[in-house]
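Engineer: Okay, handing you the structure first.
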Amino acid sequence: MASGQRLFVKVTRDSLPQVKDKYPFIYLERGRLEIDDSSVKWIDSECNVVPLPIATLNTLLLGPGTTVTHDAIKTAVAANCSVCWVGEDTLLFYAAGFLPTADTRNLKRQIELSADPDQSVEVARRMFARRFPDAGLAGKTLKEMMGMEGHRVRALYQAKAEKYQVGWKGRNFTPGKFDLSDLTNQVMTASNAALYGILCSAVHSMGYSPHVGFIHSGSPLPFVYDLADLYKEKLCIDLAFALTRDMAGRYDKKKVSAAFRQRVIEMDLLAGLAEDIPNVLGVGRASRHRK
């Protein structure tokens with residue numbers, strides 16, 4: 001590279017696609033992410049080179065055996081593409097790196113809502129109402145709504161089991177012991193982890209924090225878990241029971257990944273998030289924060 005030549009062209013918020021216009025994620029494993037001619041390229045274990053359209057990607061999910069150069073991270077950050085480190089085929093979500101937002105208006109509003117007990121419960125109520133529109137939630141406390149949710153989720157599991165004619169003994173997963181879970185729980189665990197990665201990226205890119213929640217607490221990413229529940233029925237729960245029937249007793253990570261990705265695209269999840277997050281927070285349209 002000639003002296004003084006820029007490694008990558010400076011981009012601005014206005015030159016980048018919005019969250020809703022981006023491709024949700026790409027999962028990579030056993031290879032190297034580096035820079036070539038001002039663009040990011042992926043070199044897999046068989047030395048195949050694949051250029052990545054980094055500015056149009058929402059998230060890079062880096063699996064086992066992945067190495068990445070400092071310049072590749074700089075370029076991804078400049079293009080507002082989040083980078084997450086995950087387990088094999090997104091089985092576990094380990095960590096994430098994001099571009100610090102330059103606009104804190106959405107974050108300040110989120111904190112104000114969370115800190116006010118009455119407003120915080122109203123946000124939680126809007127989230128529960130999205131999932132259970134026929135439930136009578138007026139005047140209910142958070143504890144009461146969470147109790148109602150527990151009954152409805154158990155009924156949802158049972159309904160899916162009956163629909164797909166799959167045996168179901170309950171939600172069960174022990175960290176580090178994935179293989180001990182039954183097939184339905186394995187699919188649910190893997191798809192949940194992938195969903196958390198996508199949501200983490202979108203939340204940060206819109207200027208909110210994954211750490212400031214309204215329903216969940218005592219966990220690393222409460223707002224991500226709050227939002228995930230809005231989408232789990234189709235993306236994770238229904239998928240898990242449908243694939244259990246189709247996979248005939250044997251976990252197939254490629255089939256799980258492909259099926260989950262297809263549902264994310266069909267749902268147009270990122271476009272939905274751009275509207276759903278400000279709506280559940282009761283703030284109307286989010287501040288114009290490009291990703």
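All residue names refer to the structure tokens as shown: chains lettered A, B, ... in order, residues numbered from 1 in each chain, ligands numbered from 1 in order.
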Given only C-alpha atoms, how would the per-residue table for region 113-227 of chain A near region 247-267 of chain A read, listing every residue at most 12 Å away with its closest atom pair and distance in Å to one decimal, sorted by chain and number, as a Markdown table?
Structural biologist:
| residue | atom | partner | partner_atom | distance |
| --- | --- | --- | --- | --- |
| A:Gln165 | CA | A:Ala248 | CA | 12.0 |
| A:Val166 | CA | A:Ala248 | CA | 10.3 |
| A:Gly167 | CA | A:Gly249 | CA | 11.2 |
| A:Phe178 | CA | A:Tyr251 | CA | 11.0 |
| A:Asp179 | CA | A:Tyr251 | CA | 9.4 |
| A:Leu180 | CA | A:Tyr251 | CA | 11.9 |
| A:Ser181 | CA | A:Tyr251 | CA | 10.8 |
| A:Asp182 | CA | A:Gly249 | CA | 8.7 |
| A:Leu183 | CA | A:Tyr251 | CA | 6.3 |
| A:Thr184 | CA | A:Tyr251 | CA | 9.0 |
| A:Asn185 | CA | A:Tyr251 | CA | 10.5 |
| A:Gln186 | CA | A:Tyr251 | CA | 7.7 |
| A:Val187 | CA | A:Val256 | CA | 6.7 |
| A:Met188 | CA | A:Val256 | CA | 9.5 |
| A:Thr189 | CA | A:Val256 | CA | 10.8 |
| A:Ala190 | CA | A:Val256 | CA | 8.0 |
| A:Ser191 | CA | A:Phe260 | CA | 6.6 |
| A:Asn192 | CA | A:Phe260 | CA | 9.8 |
| A:Ala193 | CA | A:Phe260 | CA | 11.1 |
| A:Ala194 | CA | A:Phe260 | CA | 8.5 |
| A:Leu195 | CA | A:Val264 | CA | 8.8 |
| A:Ile198 | CA | A:Val264 | CA | 9.7 |
| A:Leu199 | CA | A:Val264 | CA | 11.4 |
Engineer: Go ahead and save the picked residues with N, CA and C atoms, as a PDB file, in the first residue's frame.
Structural biologist:
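The result, stored in out_28.pdb:
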ATOM      1  N   GLN A 165     -47.084 -33.418  16.157  1.00  0.00           N
ATOM      2  CA  GLN A 165     -47.061 -34.801  16.655  1.00  0.00           C
ATOM      3  C   GLN A 165     -45.662 -35.188  17.144  1.00  0.00           C
ATOM      4  N   VAL A 166     -45.153 -34.345  18.044  1.00  0.00           N
ATOM      5  CA  VAL A 166     -43.822 -34.534  18.618  1.00  0.00           C
ATOM      6  C   VAL A 166     -43.951 -34.699  20.128  1.00  0.00           C
ATOM      7  N   GLY A 167     -43.241 -35.656  20.706  1.00  0.00           N
ATOM      8  CA  GLY A 167     -43.237 -35.819  22.151  1.00  0.00           C
ATOM      9  C   GLY A 167     -42.556 -34.636  22.830  1.00  0.00           C
ATOM     10  N   PHE A 178     -25.058 -29.766  25.664  1.00  0.00           N
ATOM     11  CA  PHE A 178     -26.038 -29.660  24.582  1.00  0.00           C
ATOM     12  C   PHE A 178     -26.569 -31.020  24.155  1.00  0.00           C
ATOM     13  N   ASP A 179     -25.683 -32.007  24.056  1.00  0.00           N
ATOM     14  CA  ASP A 179     -26.069 -33.321  23.550  1.00  0.00           C
ATOM     15  C   ASP A 179     -27.022 -34.067  24.474  1.00  0.00           C
ATOM     16  N   LEU A 180     -27.123 -33.631  25.740  1.00  0.00           N
ATOM     17  CA  LEU A 180     -28.012 -34.313  26.673  1.00  0.00           C
ATOM     18  C   LEU A 180     -29.467 -33.897  26.502  1.00  0.00           C
ATOM     19  N   SER A 181     -29.696 -32.783  25.789  1.00  0.00           N
ATOM     20  CA  SER A 181     -31.067 -32.331  25.547  1.00  0.00           C
ATOM     21  C   SER A 181     -31.705 -33.147  24.430  1.00  0.00           C
ATOM     22  N   ASP A 182     -33.038 -33.193  24.419  1.00  0.00           N
ATOM     23  CA  ASP A 182     -33.703 -33.869  23.309  1.00  0.00           C
ATOM     24  C   ASP A 182     -33.627 -32.982  22.069  1.00  0.00           C
ATOM     25  N   LEU A 183     -34.021 -33.524  20.937  1.00  0.00           N
ATOM     26  CA  LEU A 183     -33.843 -32.850  19.659  1.00  0.00           C
ATOM     27  C   LEU A 183     -34.570 -31.505  19.611  1.00  0.00           C
ATOM     28  N   THR A 184     -35.781 -31.444  20.116  1.00  0.00           N
ATOM     29  CA  THR A 184     -36.540 -30.190  20.082  1.00  0.00           C
ATOM     30  C   THR A 184     -35.833 -29.107  20.876  1.00  0.00           C
ATOM     31  N   ASN A 185     -35.335 -29.455  22.056  1.00  0.00           N
ATOM     32  CA  ASN A 185     -34.613 -28.493  22.880  1.00  0.00           C
ATOM     33  C   ASN A 185     -33.303 -28.070  22.234  1.00  0.00           C
ATOM     34  N   GLN A 186     -32.632 -28.950  21.523  1.00  0.00           N
ATOM     35  CA  GLN A 186     -31.390 -28.598  20.832  1.00  0.00           C
ATOM     36  C   GLN A 186     -31.645 -27.548  19.759  1.00  0.00           C
ATOM     37  N   VAL A 187     -32.678 -27.758  18.957  1.00  0.00           N
ATOM     38  CA  VAL A 187     -33.007 -26.791  17.908  1.00  0.00           C
ATOM     39  C   VAL A 187     -33.384 -25.455  18.529  1.00  0.00           C
ATOM     40  N   MET A 188     -34.157 -25.482  19.605  1.00  0.00           N
ATOM     41  CA  MET A 188     -34.589 -24.250  20.252  1.00  0.00           C
ATOM     42  C   MET A 188     -33.394 -23.481  20.813  1.00  0.00           C
ATOM     43  N   THR A 189     -32.458 -24.186  21.422  1.00  0.00           N
ATOM     44  CA  THR A 189     -31.278 -23.543  21.997  1.00  0.00           C
ATOM     45  C   THR A 189     -30.425 -22.885  20.916  1.00  0.00           C
ATOM     46  N   ALA A 190     -30.192 -23.590  19.816  1.00  0.00           N
ATOM     47  CA  ALA A 190     -29.368 -23.051  18.738  1.00  0.00           C
ATOM     48  C   ALA A 190     -30.027 -21.843  18.083  1.00  0.00           C
ATOM     49  N   SER A 191     -31.327 -21.926  17.814  1.00  0.00           N
ATOM     50  CA  SER A 191     -32.011 -20.809  17.154  1.00  0.00           C
ATOM     51  C   SER A 191     -32.144 -19.611  18.100  1.00  0.00           C
ATOM     52  N   ASN A 192     -32.312 -19.859  19.393  1.00  0.00           N
ATOM     53  CA  ASN A 192     -32.343 -18.761  20.365  1.00  0.00           C
ATOM     54  C   ASN A 192     -31.040 -17.979  20.337  1.00  0.00           C
ATOM     55  N   ALA A 193     -29.911 -18.692  20.331  1.00  0.00           N
ATOM     56  CA  ALA A 193     -28.600 -18.039  20.352  1.00  0.00           C
ATOM     57  C   ALA A 193     -28.398 -17.172  19.107  1.00  0.00           C
ATOM     58  N   ALA A 194     -28.806 -17.684  17.953  1.00  0.00           N
ATOM     59  CA  ALA A 194     -28.681 -16.908  16.715  1.00  0.00           C
ATOM     60  C   ALA A 194     -29.564 -15.661  16.766  1.00  0.00           C
ATOM     61  N   LEU A 195     -30.767 -15.809  17.310  1.00  0.00           N
ATOM     62  CA  LEU A 195     -31.682 -14.670  17.432  1.00  0.00           C
ATOM     63  C   LEU A 195     -31.097 -13.600  18.349  1.00  0.00           C
ATOM     64  N   ILE A 198     -28.526 -11.453  16.448  1.00  0.00           N
ATOM     65  CA  ILE A 198     -29.139 -10.499  15.524  1.00  0.00           C
ATOM     66  C   ILE A 198     -29.743  -9.322  16.290  1.00  0.00           C
ATOM     67  N   LEU A 199     -30.455  -9.624  17.375  1.00  0.00           N
ATOM     68  CA  LEU A 199     -31.102  -8.572  18.156  1.00  0.00           C
ATOM     69  C   LEU A 199     -30.085  -7.657  18.820  1.00  0.00           C
TER      70      LEU A 199
END
Engineer: Write out as number ranges by chain which residues come within 12 Å of Leu270 (chain A) when counting only C-alpha atoms, dropping same-chain ones fewer than 4 positions away.
Structural biologist: A: 17-25, 57-59, 195, 198-203, 205-206, 231, 263-266, 274-277, 291
Engineer: Might you pull out every residue within 12 Å of Gly87 (chain A), with only C-alpha atoms counted and same-chain residues fewer than 2 positions away left off, and present them as JSON, numbers by chain?
Structural biologist: {"A": [27, 28, 29, 30, 61, 62, 63, 64, 65, 66, 84, 85, 89, 90, 91, 92, 93, 94, 95, 175, 176, 178, 189, 190, 191, 193, 194, 197, 253]}
Engineer: Point out the residue among A:Lys232, A:Ala79, A:Val86, A:Lys108 with the least atom-to-atom distance to Val153 (chain A), counting only C-alpha atoms.
Structural biologist: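 Checking each of A:Lys232, A:Ala79, A:Val86, A:Lys108 against Val153 (chain A), counting only C-alpha atoms, the winner is A:Lys232.
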Engineer: So which residues of region 80-255 of chain A fall under strand (DSSP E or B) by DSSP, listed as a compact mmCIF listing (two decimals) with N, CA and C atoms, in the first residue's frame?
Structural biologist:
# COMPACT_ATOMS: atom_id res chain seq x y z
N SER A 82 -21.94 -5.18 12.86
CA SER A 82 -21.56 -5.73 14.15
C SER A 82 -20.85 -7.07 13.98
N VAL A 83 -19.96 -7.36 14.92
CA VAL A 83 -19.22 -8.62 14.91
C VAL A 83 -19.51 -9.35 16.20
N CYS A 84 -19.99 -10.59 16.09
CA CYS A 84 -20.31 -11.40 17.26
C CYS A 84 -19.51 -12.69 17.23
N TRP A 85 -19.06 -13.13 18.40
CA TRP A 85 -18.34 -14.39 18.51
C TRP A 85 -19.29 -15.42 19.10
N VAL A 86 -19.48 -16.52 18.37
CA VAL A 86 -20.49 -17.51 18.76
C VAL A 86 -19.90 -18.90 18.73
N PHE A 93 -23.84 -17.89 22.27
CA PHE A 93 -23.48 -16.49 22.01
C PHE A 93 -22.48 -16.08 23.08
N TYR A 94 -21.23 -15.76 22.68
CA TYR A 94 -20.18 -15.45 23.63
C TYR A 94 -19.99 -13.96 23.87
N ALA A 95 -19.80 -13.21 22.80
CA ALA A 95 -19.47 -11.79 22.95
C ALA A 95 -19.79 -11.05 21.66
N ALA A 96 -19.77 -9.72 21.75
CA ALA A 96 -20.05 -8.91 20.57
C ALA A 96 -19.29 -7.60 20.65
N GLY A 97 -18.94 -7.07 19.48
CA GLY A 97 -18.28 -5.77 19.40
C GLY A 97 -19.08 -4.85 18.52
Engineer: Take CA of Pro117 (chain A) and CA of Ser217 (chain A) and report the distance between them in Å, one decimal.
Structural biologist: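 Separating CA of Pro117 (chain A) from CA of Ser217 (chain A) is a distance of 14.0 Å.
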Engineer: Measure the distance from CA of Leu243 (chain A) to CA of Leu156 (chain A) in Å and round it to one decimal.
Structural biologist: 16.5 Å
Engineer: From the list A:Phe214, A:Ile26, A:Lys177, A:Glu233, which residue is nearest Gln119 (chain A) when using only C-alpha atoms?
Structural biologist: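 That would be A:Phe214, the residue with the smallest distance to Gln119 (chain A).
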Engineer: I need the residue nearest Ala240 (chain A) from this list: A:Trp168, A:Phe128, A:Trp42, A:Tyr196. Use only C-alpha atoms for the distance.
Structural biologist: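 Going through A:Trp168, A:Phe128, A:Trp42, A:Tyr196 one by one, the smallest distance to Ala240 (chain A) is for A:Trp168.
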Engineer: Report as a PyMOL selection string: the residues of region 61-181 of chain A with a DSSP assignment of alpha helix (DSSP H), based on the backbone of this structure.
Structural biologist: chain A and resi 70-78+105-115+117-131+142-164
Engineer: Can you tell me which residues surround His70 (chain A) at a distance of at most 10 Å, considering only C-alpha atoms, apart from same-chain residues fewer than 5 positions away, and format the answer as an NGL selection string?
Structural biologist: :A and (33-35 or 75)
Engineer: Next, the residues of the selection above should be written as a JSON list (two decimals), in the first residue's frame with C-alpha atoms.
Structural biologist:
[["chain", "number", "residue", "atom", "x", "y", "z"],
["A", 33, "LEU", "CA", -11.27, -12.52, 7.91],
["A", 34, "GLU", "CA", -8.95, -9.87, 6.49],
["A", 35, "ILE", "CA", -8.63, -6.87, 4.20],
["A", 75, "THR", "CA", -13.57, -1.75, 8.32]]
Engineer: List the spatial neighbours of Gly136 (chain A) as a list in words - criterion: any atom at most 10 Å away, only C-alpha atoms, same-chain residues fewer than 4 positions off excluded.
Structural biologist: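 The residues that qualify are Ala129, Phe132, Lys140, Met145 and Met148 of chain A.
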Engineer: Using the selection just defined, write its residues with N, CA and C atoms as a short mmCIF file (atom, residue, chain, number, x, y, z; two decimals), in the first residue's frame.
Structural biologist:
data_model
loop_
_atom_site.label_atom_id
_atom_site.label_comp_id
_atom_site.auth_asym_id
_atom_site.auth_seq_id
_atom_site.Cartn_x
_atom_site.Cartn_y
_atom_site.Cartn_z
N ALA A 129 -48.69 -7.62 25.44
CA ALA A 129 -49.87 -7.48 24.59
C ALA A 129 -49.57 -7.87 23.15
N PHE A 132 -49.74 -11.73 23.42
CA PHE A 132 -51.01 -12.28 23.86
C PHE A 132 -52.08 -11.18 23.78
N LYS A 140 -52.53 -4.93 35.58
CA LYS A 140 -51.72 -6.04 36.08
C LYS A 140 -50.31 -5.56 36.43
N MET A 145 -48.22 -10.35 35.26
CA MET A 145 -48.12 -10.59 33.81
C MET A 145 -47.12 -11.70 33.51
N MET A 148 -48.87 -14.96 34.14
CA MET A 148 -49.77 -15.27 33.03
C MET A 148 -48.98 -15.79 31.84
#
